[in-house]
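Chemist: Data: start-v4.cif, mmCIF, C-alpha atoms and all ligand atoms.
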```cif
data_model
#
loop_
_atom_site.group_PDB
_atom_site.id
_atom_site.type_symbol
_atom_site.label_atom_id
_atom_site.label_comp_id
_atom_site.auth_asym_id
_atom_site.auth_seq_id
_atom_site.Cartn_x
_atom_site.Cartn_y
_atom_site.Cartn_z
ATOM 1 C CA MET Q 1 54.762 -126.799 -122.617
ATOM 2 C CA ALA Q 2 52.225 -124.008 -122.159
ATOM 3 C CA PRO Q 3 51.432 -123.518 -125.877
ATOM 4 C CA ASN Q 4 50.970 -127.290 -126.301
ATOM 5 C CA GLY Q 5 48.652 -127.295 -123.300
ATOM 6 C CA ILE Q 6 46.541 -124.531 -124.802
ATOM 7 C CA VAL Q 7 46.453 -126.296 -128.168
ATOM 8 C CA GLY Q 8 45.497 -129.543 -126.455
ATOM 9 C CA ARG Q 9 42.728 -127.914 -124.418
ATOM 10 C CA THR Q 10 41.430 -126.092 -127.505
ATOM 11 C CA ALA Q 11 41.367 -129.356 -129.466
ATOM 12 C CA LEU Q 12 39.564 -131.084 -126.592
ATOM 13 C CA VAL Q 13 36.940 -128.324 -126.344
ATOM 14 C CA GLY Q 14 36.521 -128.428 -130.140
ATOM 15 C CA ALA Q 15 36.086 -132.203 -130.108
ATOM 16 C CA MET Q 16 33.540 -131.989 -127.272
ATOM 17 C CA GLY Q 17 31.636 -129.263 -129.125
ATOM 18 C CA GLY Q 18 31.648 -131.362 -132.294
ATOM 19 C CA ALA Q 19 30.406 -134.431 -130.408
ATOM 20 C CA LEU Q 20 27.618 -132.395 -128.792
ATOM 21 C CA ALA Q 21 26.562 -130.928 -132.152
ATOM 22 C CA LEU Q 22 26.591 -134.373 -133.745
ATOM 23 C CA GLY Q 23 24.549 -135.784 -130.860
ATOM 24 C CA TYR Q 24 22.014 -132.991 -131.255
ATOM 25 C CA ALA Q 25 21.785 -133.519 -135.039
ATOM 26 C CA MET Q 26 21.291 -137.269 -134.549
ATOM 27 C CA ALA Q 27 18.544 -136.654 -131.975
ATOM 28 C CA GLU Q 28 16.781 -134.138 -134.232
ATOM 29 C CA ALA Q 29 16.717 -136.681 -137.084
ATOM 30 C CA ARG Q 30 14.574 -138.848 -134.774
ATOM 31 C CA ALA Q 31 12.258 -136.049 -133.552
ATOM 32 C CA PHE Q 32 9.319 -136.913 -135.823
ATOM 33 C CA THR Q 33 6.639 -134.270 -135.944
ATOM 34 C CA LEU Q 34 3.298 -133.548 -137.603
ATOM 35 C CA ARG Q 35 3.143 -130.141 -139.270
ATOM 36 C CA ARG Q 36 -0.317 -128.662 -139.861
ATOM 37 C CA VAL Q 37 -1.050 -126.414 -142.820
ATOM 38 C CA GLU Q 38 -4.253 -124.846 -144.136
ATOM 39 C CA LEU Q 39 -4.713 -124.622 -147.876
ATOM 40 C CA PRO Q 40 -7.738 -122.725 -149.316
ATOM 41 C CA LEU Q 41 -8.405 -124.863 -152.384
ATOM 42 C CA LEU Q 42 -11.997 -126.044 -152.148
ATOM 43 C CA PRO Q 43 -15.022 -124.415 -153.784
ATOM 44 C CA PRO Q 44 -16.669 -121.711 -151.652
ATOM 45 C CA GLY Q 45 -18.937 -123.257 -149.021
ATOM 46 C CA ALA Q 46 -17.304 -126.721 -149.114
ATOM 47 C CA ASP Q 47 -16.542 -128.508 -145.842
ATOM 48 C CA PRO Q 48 -12.829 -128.934 -145.030
ATOM 49 C CA LEU Q 49 -10.992 -132.085 -146.133
ATOM 50 C CA ARG Q 50 -7.853 -133.413 -144.497
ATOM 51 C CA VAL Q 51 -4.897 -134.612 -146.564
ATOM 52 C CA LEU Q 52 -1.967 -136.407 -144.929
ATOM 53 C CA HIS Q 53 1.241 -135.875 -146.896
ATOM 54 C CA PHE Q 54 4.201 -138.243 -146.481
ATOM 55 C CA SER Q 55 7.553 -138.036 -148.189
ATOM 56 C CA ASP Q 56 11.123 -139.279 -147.949
ATOM 57 C CA LEU Q 57 10.724 -141.936 -145.285
ATOM 58 C CA HIS Q 58 14.044 -143.549 -146.337
ATOM 59 C CA ALA Q 59 12.944 -146.432 -144.121
ATOM 60 C CA THR Q 60 14.893 -149.477 -143.051
ATOM 61 C CA PRO Q 61 13.197 -152.427 -141.295
ATOM 62 C CA THR Q 62 14.787 -151.549 -137.923
ATOM 63 C CA GLN Q 63 13.706 -147.893 -137.672
ATOM 64 C CA ARG Q 64 10.941 -148.714 -135.201
ATOM 65 C CA ALA Q 65 10.286 -145.185 -133.900
ATOM 66 C CA LYS Q 66 9.745 -143.785 -137.396
ATOM 67 C CA LEU Q 67 7.547 -146.696 -138.470
ATOM 68 C CA GLU Q 68 5.442 -146.424 -135.289
ATOM 69 C CA PHE Q 69 5.057 -142.663 -135.787
ATOM 70 C CA ILE Q 70 3.693 -143.295 -139.293
ATOM 71 C CA ALA Q 71 1.343 -146.057 -138.103
ATOM 72 C CA GLY Q 72 -0.016 -143.792 -135.358
ATOM 73 C CA LEU Q 73 -1.101 -141.160 -137.886
ATOM 74 C CA ALA Q 74 -3.897 -143.472 -139.080
ATOM 75 C CA ASP Q 75 -5.765 -142.193 -135.981
ATOM 76 C CA LEU Q 76 -6.177 -138.873 -137.838
ATOM 77 C CA LYS Q 77 -8.551 -140.636 -140.269
ATOM 78 C CA PRO Q 78 -7.492 -138.494 -143.242
ATOM 79 C CA ASP Q 79 -9.731 -138.030 -146.269
ATOM 80 C CA LEU Q 80 -6.726 -138.582 -148.540
ATOM 81 C CA VAL Q 81 -3.102 -139.725 -148.178
ATOM 82 C CA ILE Q 82 -0.439 -138.430 -150.568
ATOM 83 C CA ASP Q 83 2.949 -140.177 -150.676
ATOM 84 C CA THR Q 84 5.586 -138.354 -152.716
ATOM 85 C CA GLY Q 85 8.201 -141.095 -152.688
ATOM 86 C CA ASP Q 86 11.637 -142.064 -151.346
ATOM 87 C CA ASN Q 87 9.977 -144.550 -149.007
ATOM 88 C CA LEU Q 88 12.782 -147.103 -149.025
ATOM 89 C CA ALA Q 89 16.402 -147.261 -147.888
ATOM 90 C CA HIS Q 90 16.917 -151.026 -147.609
ATOM 91 C CA LEU Q 91 16.386 -154.158 -149.677
ATOM 92 C CA LEU Q 92 14.072 -155.563 -146.983
ATOM 93 C CA ALA Q 93 12.154 -152.372 -146.151
ATOM 94 C CA VAL Q 94 8.989 -152.962 -148.215
ATOM 95 C CA PRO Q 95 7.136 -155.188 -145.673
ATOM 96 C CA ALA Q 96 8.032 -152.795 -142.845
ATOM 97 C CA VAL Q 97 6.777 -149.781 -144.812
ATOM 98 C CA LEU Q 98 3.550 -151.535 -145.814
ATOM 99 C CA ASP Q 99 3.038 -152.590 -142.160
ATOM 100 C CA ALA Q 100 3.496 -148.985 -141.034
ATOM 101 C CA PHE Q 101 0.998 -147.812 -143.645
ATOM 102 C CA ALA Q 102 -1.496 -150.634 -142.953
ATOM 103 C CA GLY Q 103 -4.008 -148.409 -141.139
ATOM 104 C CA LEU Q 104 -3.552 -145.568 -143.646
ATOM 105 C CA LEU Q 105 -4.175 -147.865 -146.606
ATOM 106 C CA GLU Q 106 -7.795 -147.985 -145.410
ATOM 107 C CA PHE Q 107 -8.165 -144.424 -146.711
ATOM 108 C CA PRO Q 108 -7.954 -143.140 -150.298
ATOM 109 C CA GLY Q 109 -4.406 -142.451 -151.427
ATOM 110 C CA VAL Q 110 -2.189 -141.477 -154.338
ATOM 111 C CA PHE Q 111 1.558 -141.887 -154.777
ATOM 112 C CA VAL Q 112 4.612 -141.388 -156.951
ATOM 113 C CA HIS Q 113 8.071 -142.835 -156.445
ATOM 114 C CA GLY Q 114 11.422 -141.152 -155.872
ATOM 115 C CA SER Q 115 14.936 -142.245 -156.799
ATOM 116 C CA ASN Q 116 15.376 -143.902 -153.407
ATOM 117 C CA ASP Q 117 12.443 -146.235 -154.069
ATOM 118 C CA TYR Q 118 14.293 -147.494 -157.126
ATOM 119 C CA PHE Q 119 17.880 -147.714 -155.851
ATOM 120 C CA ALA Q 120 19.493 -148.416 -152.466
ATOM 121 C CA PRO Q 121 21.483 -145.631 -150.822
ATOM 122 C CA LEU Q 122 25.264 -145.631 -150.711
ATOM 123 C CA LEU Q 123 27.621 -144.612 -147.929
ATOM 124 C CA ARG Q 124 28.837 -141.189 -148.978
ATOM 125 C CA ASN Q 125 30.371 -138.030 -147.639
ATOM 126 C CA PRO Q 126 27.530 -136.268 -145.765
ATOM 127 C CA LEU Q 127 28.877 -132.889 -146.914
ATOM 128 C CA ARG Q 128 28.123 -133.901 -150.518
ATOM 129 C CA TYR Q 129 24.467 -133.189 -149.814
ATOM 130 C CA LEU Q 130 25.382 -129.539 -149.299
ATOM 131 C CA LEU Q 131 27.541 -129.262 -152.417
ATOM 132 C CA PRO Q 132 26.268 -128.353 -155.903
ATOM 133 C CA ASP Q 133 24.739 -131.292 -157.829
ATOM 134 C CA ASP Q 134 27.501 -132.934 -159.902
ATOM 135 C CA GLY Q 135 24.924 -134.885 -161.936
ATOM 136 C CA THR Q 136 26.003 -138.346 -160.773
ATOM 137 C CA ARG Q 137 23.125 -140.629 -159.733
ATOM 138 C CA ASN Q 138 23.276 -143.811 -157.704
ATOM 139 C CA THR Q 139 21.673 -146.565 -159.769
ATOM 140 C CA ARG Q 140 23.834 -149.501 -158.657
ATOM 141 C CA HIS Q 141 21.574 -151.505 -156.373
ATOM 142 C CA PRO Q 142 17.899 -151.789 -157.433
ATOM 143 C CA LEU Q 143 15.240 -152.006 -154.711
ATOM 144 C CA PRO Q 144 11.961 -154.011 -154.913
ATOM 145 C CA TRP Q 145 9.842 -150.935 -155.617
ATOM 146 C CA THR Q 146 7.320 -152.954 -157.635
ATOM 147 C CA GLU Q 147 6.372 -154.766 -154.409
ATOM 148 C CA LEU Q 148 5.748 -151.401 -152.774
ATOM 149 C CA SER Q 149 3.635 -150.265 -155.735
ATOM 150 C CA LYS Q 150 1.646 -153.508 -155.536
ATOM 151 C CA GLY Q 151 1.020 -153.064 -151.815
ATOM 152 C CA PHE Q 152 -0.271 -149.541 -152.389
ATOM 153 C CA THR Q 153 -2.365 -150.258 -155.501
ATOM 154 C CA ASN Q 154 -3.849 -153.468 -154.051
ATOM 155 C CA ALA Q 155 -5.254 -151.277 -151.287
ATOM 156 C CA GLY Q 156 -6.751 -148.934 -153.862
ATOM 157 C CA TRP Q 157 -4.164 -146.141 -153.882
ATOM 158 C CA LEU Q 158 -3.624 -144.556 -157.288
ATOM 159 C CA ASP Q 159 -0.189 -144.832 -158.883
ATOM 160 C CA LEU Q 160 0.357 -141.422 -160.512
ATOM 161 C CA THR Q 161 3.592 -142.326 -162.293
ATOM 162 C CA ASN Q 162 3.495 -140.275 -165.491
ATOM 163 C CA THR Q 163 -0.287 -140.361 -165.598
ATOM 164 C CA ARG Q 164 -3.484 -138.530 -164.718
ATOM 165 C CA ALA Q 165 -6.376 -139.851 -162.612
ATOM 166 C CA ASP Q 166 -9.516 -138.761 -160.757
ATOM 167 C CA LEU Q 167 -10.929 -139.402 -157.281
ATOM 168 C CA LYS Q 168 -14.209 -138.415 -155.659
ATOM 169 C CA LEU Q 169 -13.591 -137.142 -152.099
ATOM 170 C CA GLY Q 170 -16.241 -135.617 -149.862
ATOM 171 C CA GLY Q 171 -18.545 -135.238 -152.853
ATOM 172 C CA LEU Q 172 -15.877 -133.279 -154.759
ATOM 173 C CA ARG Q 173 -14.020 -134.307 -157.903
ATOM 174 C CA PHE Q 174 -10.236 -134.299 -157.466
ATOM 175 C CA ALA Q 175 -8.177 -134.397 -160.678
ATOM 176 C CA PHE Q 176 -4.533 -135.489 -160.328
ATOM 177 C CA ALA Q 177 -1.519 -135.443 -162.589
ATOM 178 C CA GLY Q 178 1.703 -137.120 -161.489
ATOM 179 C CA VAL Q 179 5.154 -137.642 -162.905
ATOM 180 C CA ASP Q 180 7.961 -140.073 -162.164
ATOM 181 C CA ASP Q 181 11.046 -138.707 -160.431
ATOM 182 C CA PRO Q 182 12.615 -135.745 -162.269
ATOM 183 C CA HIS Q 183 15.833 -136.213 -160.230
ATOM 184 C CA LEU Q 184 16.486 -139.287 -162.400
ATOM 185 C CA GLU Q 185 14.925 -137.591 -165.435
ATOM 186 C CA TYR Q 186 12.197 -140.253 -165.343
ATOM 187 C CA ASP Q 187 9.468 -137.594 -165.632
ATOM 188 C CA ASN Q 188 7.385 -137.813 -168.778
ATOM 189 C CA LEU Q 189 5.794 -134.400 -168.849
ATOM 190 C CA GLU Q 190 4.281 -134.968 -172.285
ATOM 191 C CA ALA Q 191 2.235 -137.857 -170.885
ATOM 192 C CA VAL Q 192 0.400 -135.533 -168.498
ATOM 193 C CA ALA Q 193 0.551 -132.269 -170.469
ATOM 194 C CA GLY Q 194 -2.551 -130.249 -171.217
ATOM 195 C CA PRO Q 195 -5.041 -128.145 -169.323
ATOM 196 C CA ALA Q 196 -6.184 -129.582 -165.993
ATOM 197 C CA PRO Q 197 -9.883 -130.505 -166.125
ATOM 198 C CA ALA Q 198 -11.850 -127.292 -165.751
ATOM 199 C CA ASP Q 199 -14.864 -129.184 -164.377
ATOM 200 C CA ALA Q 200 -12.894 -130.740 -161.484
ATOM 201 C CA ASP Q 201 -13.333 -129.162 -158.058
ATOM 202 C CA VAL Q 202 -9.659 -129.540 -157.093
ATOM 203 C CA ARG Q 203 -6.640 -130.104 -159.373
ATOM 204 C CA LEU Q 204 -3.406 -131.426 -157.837
ATOM 205 C CA GLY Q 205 0.009 -132.033 -159.423
ATOM 206 C CA ILE Q 206 2.097 -134.694 -157.657
ATOM 207 C CA VAL Q 207 5.864 -135.134 -157.991
ATOM 208 C CA HIS Q 208 8.785 -136.349 -155.890
ATOM 209 C CA ALA Q 209 11.496 -133.797 -156.700
ATOM 210 C CA PRO Q 210 10.203 -130.252 -157.302
ATOM 211 C CA TYR Q 211 12.276 -129.410 -160.373
ATOM 212 C CA LEU Q 212 11.242 -126.147 -161.980
ATOM 213 C CA ARG Q 213 10.349 -127.694 -165.355
ATOM 214 C CA VAL Q 214 7.670 -129.782 -163.626
ATOM 215 C CA LEU Q 215 6.372 -126.954 -161.448
ATOM 216 C CA ASP Q 216 6.218 -124.656 -164.484
ATOM 217 C CA GLN Q 217 4.136 -127.148 -166.476
ATOM 218 C CA PHE Q 218 1.728 -128.022 -163.659
ATOM 219 C CA ALA Q 219 1.190 -124.341 -162.889
ATOM 220 C CA ALA Q 220 0.746 -123.411 -166.556
ATOM 221 C CA ASP Q 221 -1.712 -126.302 -167.028
ATOM 222 C CA GLY Q 222 -3.910 -124.933 -164.255
ATOM 223 C CA TYR Q 223 -3.255 -127.265 -161.309
ATOM 224 C CA ASP Q 224 -4.388 -125.555 -158.111
ATOM 225 C CA ALA Q 225 -1.570 -126.999 -156.006
ATOM 226 C CA ILE Q 226 1.607 -129.006 -156.499
ATOM 227 C CA ILE Q 227 2.626 -131.493 -153.793
ATOM 228 C CA ALA Q 228 6.282 -132.560 -153.598
ATOM 229 C CA GLY Q 229 9.094 -133.794 -151.360
ATOM 230 C CA HIS Q 230 12.766 -134.670 -152.036
ATOM 231 C CA THR Q 231 14.418 -131.581 -150.550
ATOM 232 C CA HIS Q 232 14.441 -132.852 -146.930
ATOM 233 C CA GLY Q 233 13.805 -129.168 -146.209
ATOM 234 C CA GLY Q 234 17.534 -128.652 -146.649
ATOM 235 C CA GLN Q 235 18.117 -131.274 -143.903
ATOM 236 C CA VAL Q 236 21.080 -129.441 -142.339
ATOM 237 C CA CYS Q 237 19.850 -125.870 -142.013
ATOM 238 C CA VAL Q 238 21.235 -122.727 -140.434
ATOM 239 C CA PRO Q 239 19.048 -121.805 -137.449
ATOM 240 C CA PHE Q 240 16.921 -118.712 -138.222
ATOM 241 C CA LEU Q 241 18.324 -118.577 -141.782
ATOM 242 C CA GLY Q 242 17.090 -121.829 -143.291
ATOM 243 C CA ALA Q 243 18.137 -124.266 -145.976
ATOM 244 C CA LEU Q 244 21.467 -124.229 -147.779
ATOM 245 C CA THR Q 245 20.353 -126.604 -150.524
ATOM 246 C CA THR Q 246 17.264 -128.200 -152.086
ATOM 247 C CA ASN Q 247 19.157 -130.935 -154.001
ATOM 248 C CA CYS Q 248 17.384 -129.714 -157.166
ATOM 249 C CA ASP Q 249 16.918 -126.428 -159.029
ATOM 250 C CA LEU Q 250 14.250 -125.059 -156.649
ATOM 251 C CA ASP Q 251 15.399 -122.018 -154.651
ATOM 252 C CA THR Q 252 16.260 -122.606 -150.976
ATOM 253 C CA GLY Q 253 13.555 -120.153 -149.865
ATOM 254 C CA ARG Q 254 10.969 -122.784 -150.870
ATOM 255 C CA ALA Q 255 12.860 -125.833 -149.537
ATOM 256 C CA LYS Q 256 9.873 -126.787 -147.396
ATOM 257 C CA GLY Q 257 6.395 -125.636 -146.472
ATOM 258 C CA LEU Q 258 3.648 -123.846 -148.368
ATOM 259 C CA HIS Q 259 4.577 -121.332 -151.053
ATOM 260 C CA ARG Q 260 3.406 -120.210 -154.471
ATOM 261 C CA HIS Q 261 4.711 -121.110 -157.909
ATOM 262 C CA PRO Q 262 5.862 -118.874 -159.500
ATOM 263 C CA ALA Q 263 7.175 -117.693 -156.146
ATOM 264 C CA ASP Q 264 5.873 -114.127 -156.511
ATOM 265 C CA SER Q 265 2.395 -115.091 -157.767
ATOM 266 C CA ARG Q 266 -0.864 -114.631 -155.905
ATOM 267 C CA PRO Q 267 -3.865 -116.944 -155.650
ATOM 268 C CA GLY Q 268 -6.006 -116.424 -158.731
ATOM 269 C CA ASP Q 269 -3.123 -115.391 -160.993
ATOM 270 C CA PRO Q 270 -3.419 -117.356 -164.257
ATOM 271 C CA GLY Q 271 -0.692 -119.994 -164.646
ATOM 272 C CA SER Q 272 0.156 -120.110 -160.948
ATOM 273 C CA SER Q 273 -0.256 -122.728 -158.211
ATOM 274 C CA TRP Q 274 0.209 -123.368 -154.565
ATOM 275 C CA LEU Q 275 3.360 -125.416 -153.865
ATOM 276 C CA HIS Q 276 3.677 -127.650 -150.818
ATOM 277 C CA VAL Q 277 7.084 -129.216 -150.222
ATOM 278 C CA SER Q 278 7.478 -131.720 -147.390
ATOM 279 C CA ALA Q 279 10.741 -131.801 -145.443
ATOM 280 C CA GLY Q 280 10.176 -135.560 -145.239
ATOM 281 C CA LEU Q 281 10.592 -138.059 -142.444
ATOM 282 C CA GLY Q 282 14.007 -139.507 -143.157
ATOM 283 C CA THR Q 283 17.561 -139.128 -144.334
ATOM 284 C CA ASN Q 284 20.128 -141.312 -146.027
ATOM 285 C CA PRO Q 285 20.471 -144.044 -143.336
ATOM 286 C CA TYR Q 286 24.255 -143.618 -143.297
ATOM 287 C CA THR Q 287 23.945 -139.935 -142.338
ATOM 288 C CA ARG Q 288 20.968 -139.737 -139.977
ATOM 289 C CA ILE Q 289 21.408 -136.120 -138.995
ATOM 290 C CA ARG Q 290 19.182 -133.055 -139.247
ATOM 291 C CA VAL Q 291 19.717 -129.530 -137.995
ATOM 292 C CA ALA Q 292 16.942 -126.919 -137.604
ATOM 293 C CA CYS Q 293 14.737 -129.064 -139.838
ATOM 294 C CA ARG Q 294 12.750 -131.698 -137.979
ATOM 295 C CA PRO Q 295 11.529 -134.795 -139.820
ATOM 296 C CA GLU Q 296 7.866 -134.349 -140.621
ATOM 297 C CA ALA Q 297 4.614 -135.550 -142.076
ATOM 298 C CA THR Q 298 2.079 -132.841 -142.919
ATOM 299 C CA LEU Q 299 -1.627 -132.596 -142.312
ATOM 300 C CA LEU Q 300 -2.923 -130.314 -145.048
ATOM 301 C CA THR Q 301 -6.401 -129.116 -144.198
ATOM 302 C CA LEU Q 302 -8.081 -128.096 -147.444
ATOM 303 C CA THR Q 303 -10.536 -125.286 -146.795
ATOM 304 C CA ALA Q 304 -12.962 -123.355 -148.971
ATOM 305 C CA ARG Q 305 -11.645 -120.537 -151.121
ATOM 306 C CA PRO Q 306 -13.076 -117.131 -150.315
ATOM 307 C CA ALA Q 307 -16.267 -116.557 -152.334
HETATM 308 FE FE FE Z 1 14.709 -138.242 -150.101
#
```
The structure given in the file should be rewritten as structure tokens.

Modeler:
Amino acid sequence: MAPNGIVGRTALVGAMGGALALGYAMAEARAFTLRRVELPLLPPGADPLRVLHFSDLHATPTQRAKLEFIAGLADLKPDLVIDTGDNLAHLLAVPAVLDAFAGLLEFPGVFVHGSNDYFAPLLRNPLRYLLPDDGTRNTRHPLPWTELSKGFTNAGWLDLTNTRADLKLGGLRFAFAGVDDPHLEYDNLEAVAGPAPADADVRLGIVHAPYLRVLDQFAADGYDAIIAGHTHGGQVCVPFLGALTTNCDLDTGRAKGLHRHPADSRPGDPGSSWLHVSAGLGTNPYTRIRVACRPEATLLTLTARPA
């Protein structure tokens, strides 16, 4: 009887530990936070500008806490909002997302879509996220992404899907290039190829999934910074070690936060850019867990470059 008792107690302790870990991971997926980053991009002497970066909401109409967190960020009165896609996770999510963004739509904005704006998520093995990409893509259940686009563009936000556009912000000319989601191979790099405007004050490349082919082109074309999402920061990370996956061909060392591209470049190197990757605010709604990677929006404060 004794060995069975030990086995039973060990199994019980293991099950309790698993339940505690799962509870923690579920709570962390709801611990929405605002990360603040400084990015020295503006011409010397320019006043700072504040850019609010959203990505990977994966919203459903009932995720009240997440939607209220987003709505509350309108109080920051940003100079620009950037949305790098994967806003939706439900057929009926568009009105809820547009409601959450209502205050933010008062400010200038730009956006691109991600695969999860186009297609509804499926119930799948959560461990699949950590496994190598097998190339299969979920395209079974289309979502009403055109309604989301309309809501954004009717408010004046620029749709940067495979196109370039300009905005005047704080007296400065911002030049943008954006591509559709490379995770679905919807990116049309030829449509936006060519040197970024040399007479713009700030040049930004916008993309959902930071695949290297896109980062390479934006950097080579002279964009000062590339803004992306998709990785969820690794979503389930090893404390103090970091991400195990980026769900694309970007290295895990740049799964979230501010880095350079190429990774070893320095500001001022020709053909190099800053790279900001958001860990995003959501997850697949069937696996709402995060570990050592809180859900986030980012306030990027653009400051003047050193003279
Ligand atoms: Fe996502």

Chemist: Point out the residue among Q:Leu123, Q:Ala279, Q:Ile227, Q:Ala193 with the least atom-to-atom distance to ligand FE 1 (chain Z), counting all atoms listed in the file.

Modeler: Q:Ala279

Chemist: Please, which residues have at least one atom within 8 Å of an atom of ligand FE 1 (chain Z), using all atoms listed in the file, listed as a CSV table (one decimal) with C-alpha atoms, in the coordinates of the input?

Modeler:
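Ended up saving to part_27.csv:
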```csv
chain,number,residue,atom,x,y,z
Q,55,SER,CA,7.6,-138.0,-148.2
Q,56,ASP,CA,11.1,-139.3,-147.9
Q,57,LEU,CA,10.7,-141.9,-145.3
Q,58,HIS,CA,14.0,-143.5,-146.3
Q,85,GLY,CA,8.2,-141.1,-152.7
Q,86,ASP,CA,11.6,-142.1,-151.3
Q,87,ASN,CA,10.0,-144.6,-149.0
Q,114,GLY,CA,11.4,-141.2,-155.9
Q,115,SER,CA,14.9,-142.2,-156.8
Q,116,ASN,CA,15.4,-143.9,-153.4
Q,229,GLY,CA,9.1,-133.8,-151.4
Q,230,HIS,CA,12.8,-134.7,-152.0
Q,231,THR,CA,14.4,-131.6,-150.6
Q,232,HIS,CA,14.4,-132.9,-146.9
Q,280,GLY,CA,10.2,-135.6,-145.2
Q,282,GLY,CA,14.0,-139.5,-143.2
Q,283,THR,CA,17.6,-139.1,-144.3
Q,284,ASN,CA,20.1,-141.3,-146.0
```

Chemist: Work out how far CA of Leu189 (chain Q) is from CA of Thr301 (chain Q), in Å to one decimal.

Modeler: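 Separating CA of Thr301 (chain Q) from CA of Leu189 (chain Q) is a distance of 28.0 Å.
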
Chemist: Which of these, Q:Val202, Q:Leu215, Q:Leu104, Q:Val94, has the shortest distance to Arg305 (chain Q) once you count only C-alpha atoms?

Modeler: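 When distances to Arg305 (chain Q) are compared using only C-alpha atoms, the smallest one comes from Q:Val202.
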
Chemist: Using the chain letters and numbers from the file, which residues does the PyMOL selection byres (((chain Q and resi 43-46) around 7) and not hetatm) grab, as a list of chain:residue names?

Modeler: Q:Leu41, Q:Leu42, Q:Asp47, Q:Pro48, Q:Asp201, Q:Ala304, Q:Arg305, Q:Pro306, Q:Ala307

Chemist: Just the selected residues (C-alpha atoms), exported as a CSV table (one decimal), keeping the file's coordinate frame, please.

Modeler:
```csv
chain,number,residue,atom,x,y,z
Q,41,LEU,CA,-8.4,-124.9,-152.4
Q,42,LEU,CA,-12.0,-126.0,-152.1
Q,47,ASP,CA,-16.5,-128.5,-145.8
Q,48,PRO,CA,-12.8,-128.9,-145.0
Q,201,ASP,CA,-13.3,-129.2,-158.1
Q,304,ALA,CA,-13.0,-123.4,-149.0
Q,305,ARG,CA,-11.6,-120.5,-151.1
Q,306,PRO,CA,-13.1,-117.1,-150.3
Q,307,ALA,CA,-16.3,-116.6,-152.3
```

Chemist: On this file, the PyMOL selection byres (((chain Q and resi 37) around 12) and not hetatm) gives some set of residues; write that set as a PDB file with C-alpha atoms, in the coordinates of the input.

Modeler:
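Full text of result.pdb as output:
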```
ATOM      1  CA  LEU Q  34       3.298-133.548-137.603  1.00  0.00           C
ATOM      2  CA  ARG Q  35       3.143-130.141-139.270  1.00  0.00           C
ATOM      3  CA  ARG Q  36      -0.317-128.662-139.861  1.00  0.00           C
ATOM      4  CA  GLU Q  38      -4.253-124.846-144.136  1.00  0.00           C
ATOM      5  CA  LEU Q  39      -4.713-124.622-147.876  1.00  0.00           C
ATOM      6  CA  PRO Q  40      -7.738-122.725-149.316  1.00  0.00           C
ATOM      7  CA  LEU Q  49     -10.992-132.085-146.133  1.00  0.00           C
ATOM      8  CA  ARG Q  50      -7.853-133.413-144.497  1.00  0.00           C
ATOM      9  CA  VAL Q  51      -4.897-134.612-146.564  1.00  0.00           C
ATOM     10  CA  LEU Q  52      -1.967-136.407-144.929  1.00  0.00           C
ATOM     11  CA  HIS Q  53       1.241-135.875-146.896  1.00  0.00           C
ATOM     12  CA  LYS Q 256       9.873-126.787-147.396  1.00  0.00           C
ATOM     13  CA  GLY Q 257       6.395-125.636-146.472  1.00  0.00           C
ATOM     14  CA  LEU Q 258       3.648-123.846-148.368  1.00  0.00           C
ATOM     15  CA  HIS Q 259       4.577-121.332-151.053  1.00  0.00           C
ATOM     16  CA  LEU Q 275       3.360-125.416-153.865  1.00  0.00           C
ATOM     17  CA  HIS Q 276       3.677-127.650-150.818  1.00  0.00           C
ATOM     18  CA  VAL Q 277       7.084-129.216-150.222  1.00  0.00           C
ATOM     19  CA  SER Q 278       7.478-131.720-147.390  1.00  0.00           C
ATOM     20  CA  ALA Q 297       4.614-135.550-142.076  1.00  0.00           C
ATOM     21  CA  THR Q 298       2.079-132.841-142.919  1.00  0.00           C
ATOM     22  CA  LEU Q 299      -1.627-132.596-142.312  1.00  0.00           C
ATOM     23  CA  LEU Q 300      -2.923-130.314-145.048  1.00  0.00           C
ATOM     24  CA  THR Q 301      -6.401-129.116-144.198  1.00  0.00           C
ATOM     25  CA  LEU Q 302      -8.081-128.096-147.444  1.00  0.00           C
ATOM     26  CA  THR Q 303     -10.536-125.286-146.795  1.00  0.00           C
TER      27      THR Q 303
END
```

Chemist: For Pro285 (chain Q), work out the shell of residues within 8 Å, counting all atoms listed in the file and skipping chain neighbours fewer than 5 positions away, then give it as an mmCIF file with C-alpha atoms, in the coordinates of the input.

Modeler:
```
data_model
loop_
_atom_site.group_PDB
_atom_site.id
_atom_site.type_symbol
_atom_site.label_atom_id
_atom_site.label_comp_id
_atom_site.auth_asym_id
_atom_site.auth_seq_id
_atom_site.Cartn_x
_atom_site.Cartn_y
_atom_site.Cartn_z
ATOM 1 C CA HIS Q 58 14.044 -143.549 -146.337
ATOM 2 C CA ALA Q 59 12.944 -146.432 -144.121
ATOM 3 C CA THR Q 60 14.893 -149.477 -143.051
ATOM 4 C CA ALA Q 89 16.402 -147.261 -147.888
ATOM 5 C CA PRO Q 121 21.483 -145.631 -150.822
#
```

Chemist: Can you list what the PyMOL selection byres (((chain Q and resi 250) around 12) and not hetatm) grabs from this structure, as a PyMOL selection string?

Modeler: chain Q and resi 183+209-216+228-231+233-234+243-249+251-256+259+261-263+275+277

Chemist: Closest to Asn154 (chain Q) among Q:Asp75, Q:Glu106, Q:Glu68, Q:Asp117, using only C-alpha atoms?

Modeler: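 Checking each of Q:Asp75, Q:Glu106, Q:Glu68, Q:Asp117 against Asn154 (chain Q), counting only C-alpha atoms, the winner is Q:Glu106.
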
Chemist: For CA of Thr163 (chain Q) and CA of Asp83 (chain Q), determine how far apart the two atoms are, in Å to one decimal place.

Modeler: 15.3 Å
